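What follows is the content of protein_22.csv, which has CSV, C-alpha atoms:
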chain,number,residue,atom,x,y,z
A,1,MET,CA,-87.2,4.9,-4.7
A,2,LYS,CA,-85.1,8.0,-4.4
A,3,LYS,CA,-83.6,6.7,-1.2
A,4,VAL,CA,-82.7,3.5,-2.8
A,5,CYS,CA,-81.0,5.3,-5.7
A,6,ILE,CA,-78.9,7.4,-3.4
A,7,SER,CA,-77.8,4.4,-1.4
A,8,ALA,CA,-76.9,2.5,-4.6
A,9,LEU,CA,-74.9,5.5,-5.8
A,10,VAL,CA,-73.0,5.8,-2.6
A,11,GLY,CA,-72.2,2.1,-2.8
A,12,ILE,CA,-70.9,2.5,-6.3
A,13,ILE,CA,-68.7,5.4,-5.3
A,14,VAL,CA,-67.3,3.5,-2.3
A,15,PHE,CA,-66.7,0.4,-4.4
A,16,ALA,CA,-65.0,2.5,-7.2
A,17,GLY,CA,-62.8,4.3,-4.6
A,18,VAL,CA,-61.6,1.0,-3.1
A,19,SER,CA,-61.0,-0.7,-6.4
A,20,CYS,CA,-59.1,2.3,-7.9
A,21,THR,CA,-56.9,2.8,-4.8
A,22,LYS,CA,-53.3,2.3,-6.0
A,23,SER,CA,-50.9,0.2,-3.9
A,24,PRO,CA,-48.2,2.3,-2.1
A,25,TYR,CA,-45.8,-0.3,-3.5
A,26,SER,CA,-46.8,-0.2,-7.1
A,27,TYR,CA,-43.4,1.1,-8.0
A,28,VAL,CA,-41.8,-2.2,-7.1
A,29,PHE,CA,-43.9,-4.2,-9.6
A,30,ASP,CA,-44.5,-1.7,-12.4
A,31,ASP,CA,-42.4,-2.5,-15.5
A,32,MET,CA,-41.1,-5.7,-14.0
A,33,GLU,CA,-42.1,-7.9,-16.9
A,34,GLU,CA,-42.4,-11.5,-15.9
A,35,LEU,CA,-41.7,-10.7,-12.3
A,36,SER,CA,-44.6,-8.2,-11.9
A,37,PHE,CA,-47.1,-10.7,-10.5
A,38,GLU,CA,-44.6,-12.1,-8.0
A,39,GLN,CA,-43.6,-8.6,-6.9
A,40,LYS,CA,-47.2,-7.6,-6.5
A,41,ASP,CA,-47.9,-10.6,-4.3
A,42,TRP,CA,-44.9,-9.8,-2.1
A,43,ALA,CA,-45.9,-6.1,-1.9
A,44,GLN,CA,-49.4,-7.1,-0.8
A,45,ALA,CA,-48.0,-9.4,1.8
A,46,LEU,CA,-45.7,-6.7,3.1
A,47,GLU,CA,-48.7,-4.5,3.9
A,48,THR,CA,-50.2,-7.0,6.2
A,49,ILE,CA,-47.3,-9.1,7.9
A,50,GLU,CA,-46.1,-8.1,11.3
A,51,THR,CA,-43.3,-10.3,12.4
A,52,PRO,CA,-39.6,-9.3,11.7
A,53,GLU,CA,-38.9,-12.6,10.1
A,54,SER,CA,-41.8,-12.5,7.7
A,55,ARG,CA,-41.1,-8.9,6.9
A,56,PHE,CA,-37.5,-9.8,6.1
A,57,THR,CA,-38.6,-12.5,3.7
A,58,ALA,CA,-40.9,-10.2,1.8
A,59,ILE,CA,-38.4,-7.3,1.7
A,60,ASN,CA,-35.6,-9.6,0.6
A,61,ALA,CA,-37.6,-11.1,-2.2
A,62,ILE,CA,-38.7,-7.8,-3.5
A,63,ALA,CA,-35.1,-6.5,-3.3
A,64,LYS,CA,-33.7,-9.5,-5.1
A,65,ASN,CA,-36.2,-9.1,-8.0
A,66,LEU,CA,-35.4,-5.4,-8.3
A,67,LYS,CA,-31.7,-6.2,-8.4
A,68,ALA,CA,-32.3,-8.9,-11.1
A,69,LYS,CA,-33.9,-6.2,-13.3
A,70,ASN,CA,-31.2,-3.6,-12.5
A,71,LYS,CA,-33.7,-1.3,-10.9
A,72,THR,CA,-30.9,0.4,-8.9
A,73,LYS,CA,-32.7,3.6,-8.0
A,74,THR,CA,-35.9,1.8,-7.2
A,75,LEU,CA,-34.1,-0.7,-5.0
A,76,ILE,CA,-32.3,2.0,-3.0
A,77,TYR,CA,-35.5,4.0,-2.5
A,78,PHE,CA,-37.4,0.8,-1.5
A,79,LEU,CA,-34.8,-0.3,1.1
A,80,THR,CA,-34.2,3.2,2.6
A,81,HIS,CA,-38.0,3.7,2.8
A,82,GLN,CA,-38.4,0.4,4.7
A,83,ILE,CA,-35.8,1.5,7.2
A,84,SER,CA,-37.6,4.7,7.8
A,85,LEU,CA,-40.9,2.9,8.3
A,86,ASN,CA,-39.6,0.6,10.9
A,87,GLU,CA,-36.4,2.0,12.6
A,88,GLN,CA,-36.5,-0.9,15.1
A,89,ASP,CA,-36.3,-3.6,12.5
A,90,PRO,CA,-33.3,-5.9,13.5
A,91,TYR,CA,-32.5,-6.4,9.8
A,92,ASN,CA,-32.0,-2.7,9.0
A,93,ALA,CA,-28.2,-3.0,9.0
A,94,TYR,CA,-28.5,-5.7,6.3
A,95,TRP,CA,-30.7,-3.4,4.2
A,96,LEU,CA,-28.1,-0.6,4.6
A,97,LEU,CA,-25.4,-3.0,3.4
A,98,MET,CA,-27.4,-3.8,0.3
A,99,VAL,CA,-27.7,0.0,-0.3
A,100,ALA,CA,-24.0,0.5,0.2
A,101,ASN,CA,-23.2,-2.3,-2.3
A,102,GLU,CA,-25.4,-0.6,-4.9
A,103,TYR,CA,-23.5,2.6,-4.5
A,104,LEU,CA,-20.1,0.8,-4.5
A,105,GLN,CA,-21.1,-0.9,-7.8
A,106,ALA,CA,-22.1,2.5,-9.2
A,107,GLY,CA,-18.7,4.0,-8.2
A,108,GLU,CA,-20.2,6.3,-5.7
A,109,LYS,CA,-17.6,5.6,-3.0
A,110,GLN,CA,-18.4,8.5,-0.7
A,111,ILE,CA,-22.1,7.7,-0.5
A,112,ALA,CA,-21.2,4.0,0.1
A,113,GLU,CA,-18.8,5.0,2.8
A,114,TYR,CA,-21.6,6.9,4.6
A,115,TYR,CA,-23.8,3.9,4.7
A,116,LEU,CA,-21.0,1.5,5.7
A,117,GLU,CA,-20.0,3.8,8.6
A,118,ARG,CA,-23.6,4.1,9.6
A,119,ILE,CA,-23.8,0.3,10.0
A,120,VAL,CA,-20.6,0.0,12.0
A,121,ASN,CA,-21.3,3.0,14.3
A,122,THR,CA,-25.1,2.5,14.8
A,123,TYR,CA,-26.0,-1.2,14.6
A,124,PRO,CA,-24.7,-4.3,16.5
A,125,ASP,CA,-22.9,-6.9,14.6
A,126,MET,CA,-24.7,-9.8,13.0
A,127,LEU,CA,-23.9,-12.8,10.9
A,128,ILE,CA,-24.8,-12.7,7.2
A,129,LYS,CA,-24.2,-16.2,5.6
A,130,GLN,CA,-21.8,-17.0,8.5
A,131,GLN,CA,-19.9,-13.7,8.0
A,132,SER,CA,-19.7,-10.8,10.3
A,133,LEU,CA,-21.6,-7.8,9.0
A,134,HIS,CA,-19.1,-5.4,10.6
A,135,TYR,CA,-16.2,-7.3,9.0
A,136,LEU,CA,-17.8,-7.0,5.6
A,137,CYS,CA,-18.3,-3.2,6.1
A,138,LEU,CA,-14.8,-2.6,7.5
A,139,GLN,CA,-13.1,-4.6,4.7
A,140,ASN,CA,-14.9,-2.3,2.2
A,141,LEU,CA,-14.2,0.8,4.2
A,142,VAL,CA,-10.4,0.3,4.3
A,143,LYS,CA,-10.4,-0.2,0.5
A,144,ILE,CA,-12.3,3.0,-0.4
A,145,THR,CA,-11.3,5.7,2.0
A,146,ASP,CA,-8.3,8.0,1.6
A,147,ASN,CA,-8.7,9.6,5.0
A,148,GLN,CA,-5.9,8.4,7.3
A,149,GLU,CA,-7.7,9.2,10.5
A,150,LYS,CA,-10.6,7.1,9.4
A,151,LEU,CA,-8.3,4.2,8.3
A,152,ILE,CA,-6.8,4.3,11.8
A,153,SER,CA,-10.3,3.9,13.3
A,154,TYR,CA,-11.2,1.1,10.9
A,155,TYR,CA,-8.0,-0.9,11.5
A,156,THR,CA,-8.2,-0.4,15.2
A,157,LEU,CA,-11.8,-1.7,15.2
A,158,LEU,CA,-10.7,-4.8,13.1
A,159,LEU,CA,-7.9,-5.5,15.5
A,160,ASN,CA,-9.9,-4.9,18.7
A,161,THR,CA,-13.2,-6.7,17.7
A,162,LEU,CA,-12.5,-9.0,14.8
A,163,TYR,CA,-8.9,-10.1,15.4
A,164,ASP,CA,-9.6,-13.8,14.7
A,165,LYS,CA,-11.3,-13.0,11.3
A,166,ILE,CA,-8.5,-10.9,9.8
A,167,ASN,CA,-4.8,-11.1,9.0
A,168,PRO,CA,-3.5,-9.1,12.0
A,169,ALA,CA,0.0,-8.6,10.5
A,170,LEU,CA,-1.6,-6.9,7.5
A,171,ALA,CA,-3.8,-4.8,9.8
A,172,TYR,CA,-0.9,-3.7,12.0
A,173,PHE,CA,1.3,-2.8,9.1
A,174,SER,CA,-1.6,-0.8,7.5
A,175,LEU,CA,-2.3,0.9,10.8
A,176,GLY,CA,1.4,1.8,11.1
A,177,GLN,CA,1.3,3.3,7.5
A,178,ALA,CA,-1.7,5.4,8.4
A,179,TYR,CA,-0.1,6.8,11.6
A,180,GLU,CA,3.1,7.4,9.6
A,181,LYS,CA,1.2,9.5,7.0
A,182,ILE,CA,-0.2,11.8,9.6
A,183,GLY,CA,3.1,12.2,11.4
A,184,GLU,CA,2.2,10.2,14.5
A,185,TRP,CA,5.5,8.4,14.6
A,186,LYS,CA,5.3,7.0,18.1
A,187,LEU,CA,2.0,5.3,17.4
A,188,ALA,CA,3.3,4.2,14.0
A,189,ILE,CA,6.3,2.5,15.5
A,190,GLN,CA,4.1,0.8,18.1
A,191,ALA,CA,2.0,-0.6,15.3
A,192,TYR,CA,5.0,-1.7,13.3
A,193,ASN,CA,6.4,-3.3,16.5
A,194,GLU,CA,3.3,-5.4,16.8
A,195,PHE,CA,3.6,-6.3,13.1
A,196,VAL,CA,7.2,-7.4,13.5
A,197,LYS,CA,6.4,-9.5,16.6
A,198,LEU,CA,4.1,-11.6,14.5
A,199,GLY,CA,7.0,-12.7,12.3
A,200,GLN,CA,5.3,-12.9,8.9
A,201,TYR,CA,8.5,-12.4,6.9
A,202,ASP,CA,6.9,-13.3,3.6
A,203,ILE,CA,3.9,-11.1,3.8
A,204,ILE,CA,3.2,-9.2,0.5
A,205,ILE,CA,2.0,-5.6,0.8
A,206,GLU,CA,1.4,-3.6,-2.4
A,207,GLY,CA,3.9,-0.9,-2.9
A,208,ILE,CA,6.3,-2.1,-0.3
A,209,PRO,CA,8.0,-5.3,-1.5
A,210,ASP,CA,10.1,-5.8,1.6
A,211,SER,CA,7.6,-4.8,4.2
A,212,PHE,CA,9.0,-6.8,7.1
A,213,ASN,CA,12.4,-5.2,6.9
A,214,TYR,CA,10.8,-1.8,6.3
A,215,ALA,CA,8.9,-2.1,9.6
A,216,LYS,CA,11.8,-3.8,11.4
A,217,ARG,CA,14.2,-1.0,10.4
A,218,LEU,CA,11.9,1.7,11.9
A,219,VAL,CA,11.4,-0.3,15.1
A,220,ASP,CA,15.1,-1.0,15.4
A,221,TYR,CA,16.0,2.6,14.8
A,222,SER,CA,13.6,3.6,17.5
A,223,ASN,CA,15.1,1.2,20.0
A,224,SER,CA,18.7,1.9,19.2
A,225,THR,CA,21.2,4.5,20.5
A,226,LYS,CA,21.7,5.9,16.9
A,227,SER,CA,25.3,6.6,18.0
A,228,TRP,CA,26.8,5.6,14.6
A,229,VAL,CA,25.3,8.4,12.5
A,230,TYR,CA,27.3,11.4,11.3
A,231,GLU,CA,26.1,14.9,10.6
A,232,SER,CA,27.8,15.0,7.2
A,233,LEU,CA,28.8,12.5,4.5
A,234,ASP,CA,32.3,14.1,4.2
A,235,GLU,CA,33.0,13.5,7.9
A,236,LEU,CA,31.8,9.9,7.9
A,237,VAL,CA,33.7,9.0,4.7
A,238,ARG,CA,36.9,10.6,6.1
A,239,THR,CA,36.6,8.7,9.3
A,240,VAL,CA,36.0,5.4,7.5
A,241,ARG,CA,38.8,6.0,5.0
A,242,ILE,CA,41.4,6.6,7.7
A,243,ALA,CA,40.2,3.6,9.7
A,244,VAL,CA,40.5,1.3,6.7
A,245,ARG,CA,44.0,2.6,5.8
A,246,GLU,CA,45.1,2.1,9.5
A,247,MET,CA,43.5,-1.3,9.8
A,248,ASP,CA,41.4,0.2,12.7
A,249,PHE,CA,38.7,-2.4,12.8
A,250,GLN,CA,37.3,-1.0,16.1
A,251,THR,CA,36.5,2.4,14.6
A,252,LEU,CA,35.0,0.7,11.6
A,253,GLU,CA,32.8,-1.5,13.7
A,254,ARG,CA,31.7,1.6,15.6
A,255,CYS,CA,30.8,3.4,12.4
A,256,MET,CA,28.8,0.5,11.0
A,257,SER,CA,25.0,0.9,11.1
A,258,LYS,CA,23.4,-1.2,13.8
A,259,VAL,CA,20.2,-1.4,11.8
A,260,ASN,CA,20.0,-3.5,8.6
A,261,PHE,CA,23.7,-3.3,7.7
A,262,VAL,CA,23.7,-4.7,4.2
A,263,THR,CA,26.3,-7.1,2.8
A,264,ILE,CA,25.4,-8.0,-0.7
A,265,ALA,CA,26.7,-8.6,-4.2
A,266,TRP,CA,25.6,-6.2,-6.9
A,267,ASN,CA,23.6,-8.9,-8.7
A,268,GLN,CA,22.0,-10.3,-5.5
A,269,GLU,CA,18.4,-9.9,-4.5
A,270,ALA,CA,18.0,-7.1,-2.0
A,271,SER,CA,15.8,-9.2,0.2
A,272,ASN,CA,18.5,-11.9,0.4
A,273,VAL,CA,21.2,-10.2,2.5
A,274,SER,CA,23.9,-11.4,4.9
A,275,SER,CA,23.5,-10.9,8.6
A,276,GLN,CA,25.7,-8.4,10.4
A,277,ALA,CA,26.0,-10.9,13.3
A,278,ASN,CA,28.3,-13.0,11.0
A,279,PHE,CA,30.4,-10.1,9.8
A,280,ASN,CA,33.8,-9.9,11.5
A,281,LEU,CA,36.0,-7.1,10.3
A,282,ARG,CA,39.0,-8.1,12.3
A,283,THR,CA,39.2,-11.4,10.3
A,284,LEU,CA,38.5,-9.8,7.0
A,285,MET,CA,41.2,-7.2,7.4
A,286,SER,CA,43.9,-9.7,8.3
A,287,GLY,CA,45.2,-10.3,4.8
A,288,GLY,CA,47.2,-7.2,4.2
A,289,TYR,CA,47.0,-3.6,2.9
A,290,ILE,CA,43.5,-2.4,2.0
A,291,ARG,CA,43.4,0.3,-0.8
A,292,VAL,CA,40.8,3.0,-0.7
A,293,GLY,CA,39.6,5.3,-3.5
A,294,GLU,CA,40.3,9.0,-3.2
A,295,ASN,CA,36.9,10.0,-4.4
A,296,LEU,CA,33.4,8.6,-4.1
A,297,ALA,CA,32.2,6.5,-7.0
A,298,SER,CA,30.7,8.4,-10.0
A,299,PHE,CA,27.3,6.7,-9.5
A,300,SER,CA,26.8,8.1,-6.1
A,301,THR,CA,23.7,10.4,-5.5
A,302,ASN,CA,22.5,13.0,-3.0
A,303,ASN,CA,21.1,10.2,-0.8
A,304,GLU,CA,23.5,7.3,-1.4
A,305,ALA,CA,27.2,7.2,-1.8
A,306,TYR,CA,29.8,4.4,-2.7
A,307,LEU,CA,33.5,4.3,-1.8
A,308,TYR,CA,35.8,1.9,-3.8
A,309,THR,CA,38.1,-0.4,-1.7
A,310,SER,CA,40.2,-3.4,-2.6
A,311,GLY,CA,42.6,-5.9,-1.0
A,312,TRP,CA,40.1,-7.8,1.2
A,313,THR,CA,40.6,-11.5,2.0
A,314,GLN,CA,37.1,-12.9,1.7
A,315,TYR,CA,34.1,-13.0,-0.6
A,316,THR,CA,35.9,-10.9,-3.2
A,317,ASN,CA,38.9,-8.6,-3.5
A,318,VAL,CA,36.8,-5.5,-4.3
A,319,TRP,CA,34.3,-3.9,-1.9
A,320,TYR,CA,32.2,-0.8,-2.4
A,321,LEU,CA,31.4,0.7,1.0
A,322,TYR,CA,27.8,1.9,0.9
A,323,PHE,CA,26.7,5.1,2.7
A,324,LYS,CA,23.2,6.5,2.8
A,325,LYS,CA,21.2,9.4,4.2
A,326,VAL,CA,19.1,8.3,7.2
A,327,ASN,CA,15.4,8.4,6.5
A,328,PHE,CA,13.8,8.4,10.0
A,329,PRO,CA,11.4,11.3,10.4
A,330,ALA,CA,10.4,9.9,13.8
A,331,ASP,CA,13.6,11.5,15.2
A,332,PRO,CA,14.3,14.9,13.6
A,333,GLU,CA,17.8,14.9,15.3
A,334,ILE,CA,19.0,12.0,13.1
A,335,HIS,CA,16.7,12.4,10.1
A,336,GLY,CA,18.9,13.5,7.2
A,337,THR,CA,22.2,12.5,8.8
A,338,TRP,CA,24.5,9.9,7.2
A,339,GLU,CA,25.4,6.3,8.1
A,340,TRP,CA,27.6,3.5,6.8
A,341,ALA,CA,24.8,1.2,5.7
A,342,GLY,CA,26.6,-1.7,4.1
A,343,ILE,CA,28.9,-3.2,1.6
A,344,TYR,CA,28.5,-4.2,-2.0
A,345,TYR,CA,30.9,-7.0,-3.2
A,346,GLY,CA,32.7,-6.9,-6.5
A,347,GLU,CA,32.9,-4.5,-9.4
A,348,LYS,CA,29.6,-2.8,-10.4
A,349,LYS,CA,28.7,-3.9,-13.9
Rewrite the structure of this file - the entire thing - as structure tokens.
Amino acid sequence: MKKVCISALVGIIVFAGVSCTKSPYSYVFDDMEELSFEQKDWAQALETIETPESRFTAINAIAKNLKAKNKTKTLIYFLTHQISLNEQDPYNAYWLLMVANEYLQAGEKQIAEYYLERIVNTYPDMLIKQQSLHYLCLQNLVKITDNQEKLISYYTLLLNTLYDKINPALAYFSLGQAYEKIGEWKLAIQAYNEFVKLGQYDIIIEGIPDSFNYAKRLVDYSNSTKSWVYESLDELVRTVRIAVREMDFQTLERCMSKVNFVTIAWNQEASNVSSQANFNLRTLMSGGYIRVGENLASFSTNNEAYLYTSGWTQYTNVWYLYFKKVNFPADPEIHGTWEWAGIYYGEKK
């Protein structure tokens, strides 16, 4: 009888121990209201299934329910824990993307950046709803990072591995901008050159309304002789003033900038300018005496200057010759020098 009682007691203890054992996944179904039973079923399944596909289904279902209930901390813990439990899971990159998205939505950009970089640097690419996982990561990374070296890496990856999925013109221009900001002018101009060759004249880039001409100017400066620049504004204006008075069109043509020489009316859109190829000074000076102002216009600045002239035969009688300081840090020898950059037609109103 005593033996039987001891055996029965042991059985009761074992049964009690088994029945009271808490699931290691109880945190995914606690306080989940109407989703508690579904979560519990998926959690129990997760403890027994072995194939990657079945495991993906269970993890994904649990994660979606946690997301639906705004259980952000629980969701992040659950996903990162699953990655640590099975580091060879082929879907780990997908779970990391979900984690990164949670941090992005919470405004934690630096933490999100860590997970997105981890995906790109550690895991092979895969398709998520017909979209490249690396593409999704890199598109987010270029938006959230302020580090120019990292931006260079991201845009280079996009161009080298996902060229057909992106707008290469935008990527090349952005790559040029990143190189420019760290002073790598040779590489910046190479990137701008690739951008210009694509010929997307109407591309819109935030902060740089005339991006095509911006890049083309740098490329053209790089490829030019730069022989028309003058060390000082006074020397340039004096040379041009004398050449105008003497009808010396050859000197004037030599002084004209060979990069983006602007011929424009004061009220004309800056992006809608005349081509220097159609600009013939010999013809325009054939009408008679050209008068030149003794001083620069009062609205001239430290970086731009205007010289009044009148007596021209085409477009309008009055021209303001436009001079500007050269902004080309890629070549310190000409950066900060002066050039005759264009003409404004008519009186300034």
Legend entry - Polymer residues at most 12 Å from (-35.7, -6.4, 17.7) by only C-alpha atoms, as a list in words: Thr51, Pro52, Glu53, Asn86, Glu87, Gln88, Asp89, Pro90, Tyr91, Asn92, Ala93, Tyr123 and Pro124 of chain A
Legend entry - Selection near segment 322-339 of chain A, 8 Å with all atoms listed in the file, sequence-local residues under 4 positions removed, as JSON, numbers by chain: {"A": [185, 186, 218, 221, 222, 226, 228, 229, 230, 231, 232, 233, 236, 255, 256, 257, 303, 304, 305, 306, 307, 343, 344]}
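Across the structure, atom CA of Asn65 of chain A and atom CA of Lys143 of chain A are spaced 28.6 Å apart.
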Inset, instruction - Just the residues within 12 Å of Lys165 of chain A, please, counting only C-alpha atoms, with nothing from its chain fewer than 5 positions along; format it as a count of residues only. - result: 14
Inset, instruction - Can you pull out every residue within 12 Å of Glu184 of chain A, counting only C-alpha atoms, but drop anything in the same chain fewer than 2 positions away, and send it as a ChimeraX atom specification? - result: /A:148-149,152,175-182,186-191,329-331
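If you count all atoms listed in the file and ignore residues fewer than 4 places along the chain from Val240 of chain A, what sits within 9 Å of it is A:Glu235, A:Leu236, A:Val244, A:Arg245, A:Thr251, A:Leu252, A:Cys255, A:Trp340.
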So that I can see what lies close to segment 197-206 of chain A, please list as a tab-separated table (two decimals) with C-alpha atoms, in the frame of the given file the residues with an atom at most 8 Å from it, counting only C-alpha atoms and leaving out residues fewer than 4 positions away in the same chain.
chain	number	residue	atom	x	y	z
A	169	ALA	CA	0.00	-8.60	10.50
A	170	LEU	CA	-1.60	-6.90	7.50
A	193	ASN	CA	6.40	-3.30	16.50
A	210	ASP	CA	10.10	-5.80	1.60
A	211	SER	CA	7.60	-4.80	4.20
A	212	PHE	CA	9.00	-6.80	7.10
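Checking A:Met126, A:Ile166, A:Ala43, A:Ile76 one by one against Ala112 of chain A, counting only C-alpha atoms, you find the shortest gap at A:Ile76.
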Legend entry - Length of the atom CA of Lys150 of chain A to atom CA of Leu162 of chain A vector [Å]: 17.1 Å
Inset, instruction - Go ahead and compute the interatomic distance for atom CA of Asp248 of chain A and atom CA of Gln268 of chain A, in Å to one decimal. - result: 28.6 Å
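Distances to Ala243 of chain A were evaluated for A:Val318, A:Ile59, A:Ile111, A:Ile290 using all atoms listed in the file, and the minimum falls at A:Ile290.
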Inset, instruction - Would you mind telling me which residue in A:Lys348, A:Lys73, A:Arg254, A:Arg238 lies nearest to Val28 of chain A when using all atoms listed in the file? - result: A:Lys73
Inset, instruction - Go through A:Ser174, A:Asn70, A:Asn260, A:Glu113 and flag the residue nearest Asn213 of chain A, using all atoms listed in the file for the distances. - result: A:Asn260
